[in-house]
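A.B. asks: Before I ask anything, here is the structure I am working with.
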Number of protein chains: 2
Amino acid sequence: MGEKSFSEPVKISVAVDTVVFGYEEGQLFLLLIERAFEPFVGQWALPGGFVTEGEDLESAAYRELQEETGVETVYLEQLYSYGAPKRDPRFRVISVAYYALVRAQGLNLKAGSDAKNARWFPVSKLPKLAFDHAQIVERALERLRSKIQYEPLAFDLLPVEFTLQQLQQFFEAVLDKTLDKRNFRKKIQAYDFLKELRKLKNVKFRSPVLYRFERAKFDRMRKRGITFSVGA
Amino acid sequence: MGEKSFSEPVKISVAVDTVVFGYEEGQLFLLLIERAFEPFVGQWALPGGFVTEGEDLESAAYRELQEETGVETVYLEQLYSYGAPKRDPRFRVISVAYYALVRAQGLNLKAGSDAKNARWFPVSKLPKLAFDHAQIVERALERLRSKIQYEPLAFDLLPVEFTLQQLQQFFEAVLDKTLDKRNFRKKIQAYDFLKELRKLKNVKFRSPVLYRFERAKFDRMRKRGITFSVGA
DNA sequence: CCAAAAGTGTTCACGGTACACCCATGC
DNA sequence: GCATGGGTGTACCGTGAACACTTTTGG
């Protein structure tokens with residue numbers, strides 16, 4: 001901000017747009033909004049909106065998510081800022097993109113009450129997106145795929161209680177590669193941040209054990225200098 | 001940008017601020033500007049300024065660097081955006097922060113011709129910084145330290161021709177830990193992206209070999225699926 | 001008793017780490 | 001010839017990868 005002249009700086013509209021990820025049954029999903037106004041009416045776009053006076057960027061992202069989709073976000077992280085002059089055909093808009101993780105929680109893969117025009121799409125079958133949102137999604141996917149390998153983001157997308165098989169399937173789906181069952185279990189269990197809960201009964205075949213992620217244990221592990229890594 | 005009402009969005013001043021890194025003789029440096037205007041007159045700050053009409057964010061970062069410091073940047077990457085409502089005491093400013101790498105090139109650790117009020121500081125002895133710039137620097141350092149371990153950024157900070165000892169010293173300085181000489185050399189040379197040039201003569205003791213980084217070889221190595229890593 | 005998923009150990013190859021001495025050069 | 005930094009190889013260990021059978025359960 002070391003401006004040289006005293007001329008007033010140009011003022012620009014600032015938006016926040018969020019790439020919301022969900023996961024269910026081996027598929028990664030993305031929450032999109034159908035645009036109700038020009039430009040790009042009827043096209044799908046990322047949830048988001050303009051930053052208001054005196055409002056933090058992250059707060060704006062939360063607020064817009066709440067207003068437009070009603071989803072409960074368990075993780076929100078800034079991704080990148082987009083400022084190409086013509087990215088919005090109406091007027092100059094700079095957009096600060098975020099990405100968020102939402103727990104799919106059972107089968108409830110629907111948008112919150114408010115927004116009838118919000119829908120989950122599998123990332124493998126996304127519609128054509130408005131603005132430069134395809135680019136933003138691309139970057140978010142890259143970030144998610146890379147960060148999931150050394151940060152415990154998986155546990156923000158999976159149900160609170162899960163089996164090792166579900167956990168493995170999750171990594172396989174997001175990283176798009178198969179993992180060895182025995183090696184995967186050995187590694188995960190060695191970290192010792194999962195708490196064994198009980199057996200899941202009333203399942204067709206042999207009952208799997210349910211686990212829960214213990215963040216406190218994870219943090220202690222980190223402090224001991226042990227780094228989490230999957231799929232390396 | 002899925003605004004729900006037709007009310008005009010709030011307009012905000014958008015700045016770009018860049019953390020400029022240089023390196024020389026075992027020390028990492030940072031290029032700062034002494035502020036000539038209020039607020040924070042006389043304090044040191046990151047080079048930067050307001051984005052103008054129709055100007056890309058990255059172009060704005062380049063332009064401001066050129067105007068304020070005259071340095072020739074070999075690498076520029078977006079870092080993070082800062083938007084706390086009161087981060088600038090005058091009025092609302094959102095700042096998109098970048099970080100840049102500059103080749104110190106011999107002893108020329110001075111600012112470009114234009115800016116008399118620009119100076120290099122060792123990162124270990126930074127002055128008090130204006131605005132929230134200390135926070136930005138912190139994040140840039142983290143990013144540099146982590147990225148340098150798996151991306152070839154070192155070669156954008158070192159002179160074009162360097163010895164293995166200089167290269168090792170560079171990593172030791174930035175990562176703040178000592179590396180084993182034999183293991184370091186073995187590893188680096190195994191990657192086979194360095195070109196042996198000649199012996200550096202007229203040096204006090206045994207003449208070291210000078211090397212040059214060959215980006216083409218590096219890229220081919222990457223394509224073969226080999227990942228660069230130092231200090232792991 | 002059969003079908004289907006859950007669960008479990010061992011071996012091998014490779015990369016990381018630790019470690020000490022000879023070599024070339026200028027003075 | 002000596003002081004100083006330049007340069008080199010080997011042995012060990014831990015982690016990652018490959019790989020197949022037994023157990024549990026519901027129908």
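Ordering of the structure tokens sets the chain letters (A, B, ...), residue numbers begin anew at 1 in every chain, and ligands are numbered from 1 in the order given.
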Pull the closest atom pair for each residue of chain B that gets at most 12 Å from chain C, along with the distance in Å to one decimal, counting only C-alpha atoms (C1' of nucleotides), ordering rows by chain and then ascending residue number, as CSV.
C.D. replies:
```
residue,atom,partner,partner_atom,distance
B:Leu179,CA,C:DT17,C1',10.5
B:Asp180,CA,C:DT17,C1',8.7
B:Lys181,CA,C:DC19,C1',11.0
B:Arg182,CA,C:DC19,C1',9.8
B:Asn183,CA,C:DT17,C1',8.1
B:Phe184,CA,C:DG16,C1',10.8
B:Lys186,CA,C:DG16,C1',11.5
B:Lys187,CA,C:DG15,C1',10.1
B:Lys199,CA,C:DA24,C1',11.7
B:Leu200,CA,C:DT25,C1',11.6
B:Lys201,CA,C:DT25,C1',9.6
B:Asn202,CA,C:DG26,C1',8.6
B:Val203,CA,C:DG26,C1',7.9
B:Lys204,CA,C:DG26,C1',5.5
B:Phe205,CA,C:DT25,C1',4.5
B:Arg206,CA,C:DT25,C1',4.5
B:Ser207,CA,C:DT25,C1',6.9
B:Pro208,CA,C:DA24,C1',9.6
B:Ser229,CA,C:DG16,C1',11.8
B:Val230,CA,C:DG16,C1',11.2
B:Gly231,CA,C:DG16,C1',10.3
B:Ala232,CA,C:DG16,C1',8.7
```
A.B. asks: Kindly provide, as a list of chain:residue names, the residues of chain B having any atom no farther than 6 Å from an atom of chain A, counting only C-alpha atoms.
C.D. replies: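 Result: B:Met1, B:Gly2, B:Glu3, B:Val10, B:Lys11, B:Ile12, B:Ser13, B:Gly48, B:Gly49, B:Thr52, B:Gly54, B:Asp56, B:Leu57, B:Gly83, B:Ala84, B:Pro85.
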A.B. asks: For the residues selected in the previous step, produce a file with N, CA and C atoms as a compact mmCIF listing (two decimals), in the first residue's frame.
C.D. replies:
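The new file result19.txt reads:
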```txt
# COMPACT_ATOMS: atom_id res chain seq x y z
N MET B 1 -20.81 -15.23 -6.55
CA MET B 1 -21.43 -13.97 -6.96
C MET B 1 -22.92 -14.13 -7.16
N GLY B 2 -23.53 -14.95 -6.36
CA GLY B 2 -24.94 -15.19 -6.52
C GLY B 2 -25.74 -14.21 -5.68
N GLU B 3 -25.59 -12.93 -5.94
CA GLU B 3 -26.27 -11.91 -5.15
C GLU B 3 -27.78 -12.11 -5.25
N VAL B 10 -21.19 -3.04 -2.42
CA VAL B 10 -20.27 -2.10 -1.81
C VAL B 10 -18.97 -2.11 -2.62
N LYS B 11 -18.36 -0.96 -2.77
CA LYS B 11 -17.07 -0.92 -3.48
C LYS B 11 -15.94 -0.65 -2.52
N ILE B 12 -14.84 -1.31 -2.77
CA ILE B 12 -13.74 -1.34 -1.82
C ILE B 12 -12.43 -1.10 -2.57
N SER B 13 -11.49 -0.46 -1.92
CA SER B 13 -10.17 -0.30 -2.54
C SER B 13 -9.40 -1.60 -2.44
N GLY B 48 3.98 -2.11 -2.64
CA GLY B 48 2.65 -2.43 -3.12
C GLY B 48 1.87 -1.16 -3.37
N GLY B 49 0.62 -1.33 -3.78
CA GLY B 49 -0.21 -0.16 -4.04
C GLY B 49 -1.56 -0.61 -4.56
N THR B 52 -5.42 -0.64 -10.30
CA THR B 52 -6.11 0.38 -11.08
C THR B 52 -7.17 -0.26 -11.97
N GLY B 54 -9.17 -1.80 -14.78
CA GLY B 54 -8.81 -2.66 -15.91
C GLY B 54 -7.45 -3.33 -15.81
N ASP B 56 -5.06 -6.29 -14.20
CA ASP B 56 -4.93 -7.60 -13.58
C ASP B 56 -4.24 -7.49 -12.21
N LEU B 57 -4.52 -8.41 -11.31
CA LEU B 57 -3.88 -8.36 -9.99
C LEU B 57 -2.37 -8.57 -10.12
N GLY B 83 -8.41 -9.09 4.42
CA GLY B 83 -9.56 -8.20 4.31
C GLY B 83 -10.19 -7.79 5.62
N ALA B 84 -9.46 -7.86 6.70
CA ALA B 84 -10.03 -7.42 7.98
C ALA B 84 -10.47 -5.97 7.84
N PRO B 85 -11.65 -5.64 8.36
CA PRO B 85 -12.24 -4.31 8.12
C PRO B 85 -11.35 -3.14 8.53
```
A.B. asks: Could you write out as number ranges by chain the residues of chain D within 8 Å of chain B, counting only C-alpha atoms (C1' of nucleotides)?
C.D. replies: D: 4-6, 8
A.B. asks: So that I can check the secondary structure, give me every residue of range 74-231 of chain A assigned strand (DSSP E or B) by backbone DSSP, as a ChimeraX atom specification.
C.D. replies: /A:74-82,93-102,118-122,129,161-163,194-199,209-213
A.B. asks: Could you please determine the separation between C1' of DA20 in chain D and CA of Leu194 in chain A in Å, to one decimal place?
C.D. replies: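 According to the coordinates, C1' of DA20 in chain D and CA of Leu194 in chain A are separated by 26.9 Å.
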A.B. asks: Where in range 4-226 of chain A does DSSP assign helix (DSSP H, G or I), given as a PyMOL selection string?
C.D. replies: chain A and resi 57-69+123-125+133-147+154-157+164-175+181-191+215-223
A.B. asks: Using only C-alpha atoms (C1' of nucleotides), determine which residues lie at most 6 Å from Thr73 in chain A, disregarding the query and same-chain residues fewer than 2 positions distant; provide the list as a PyMOL selection string.
C.D. replies: chain A and resi 75+101-102
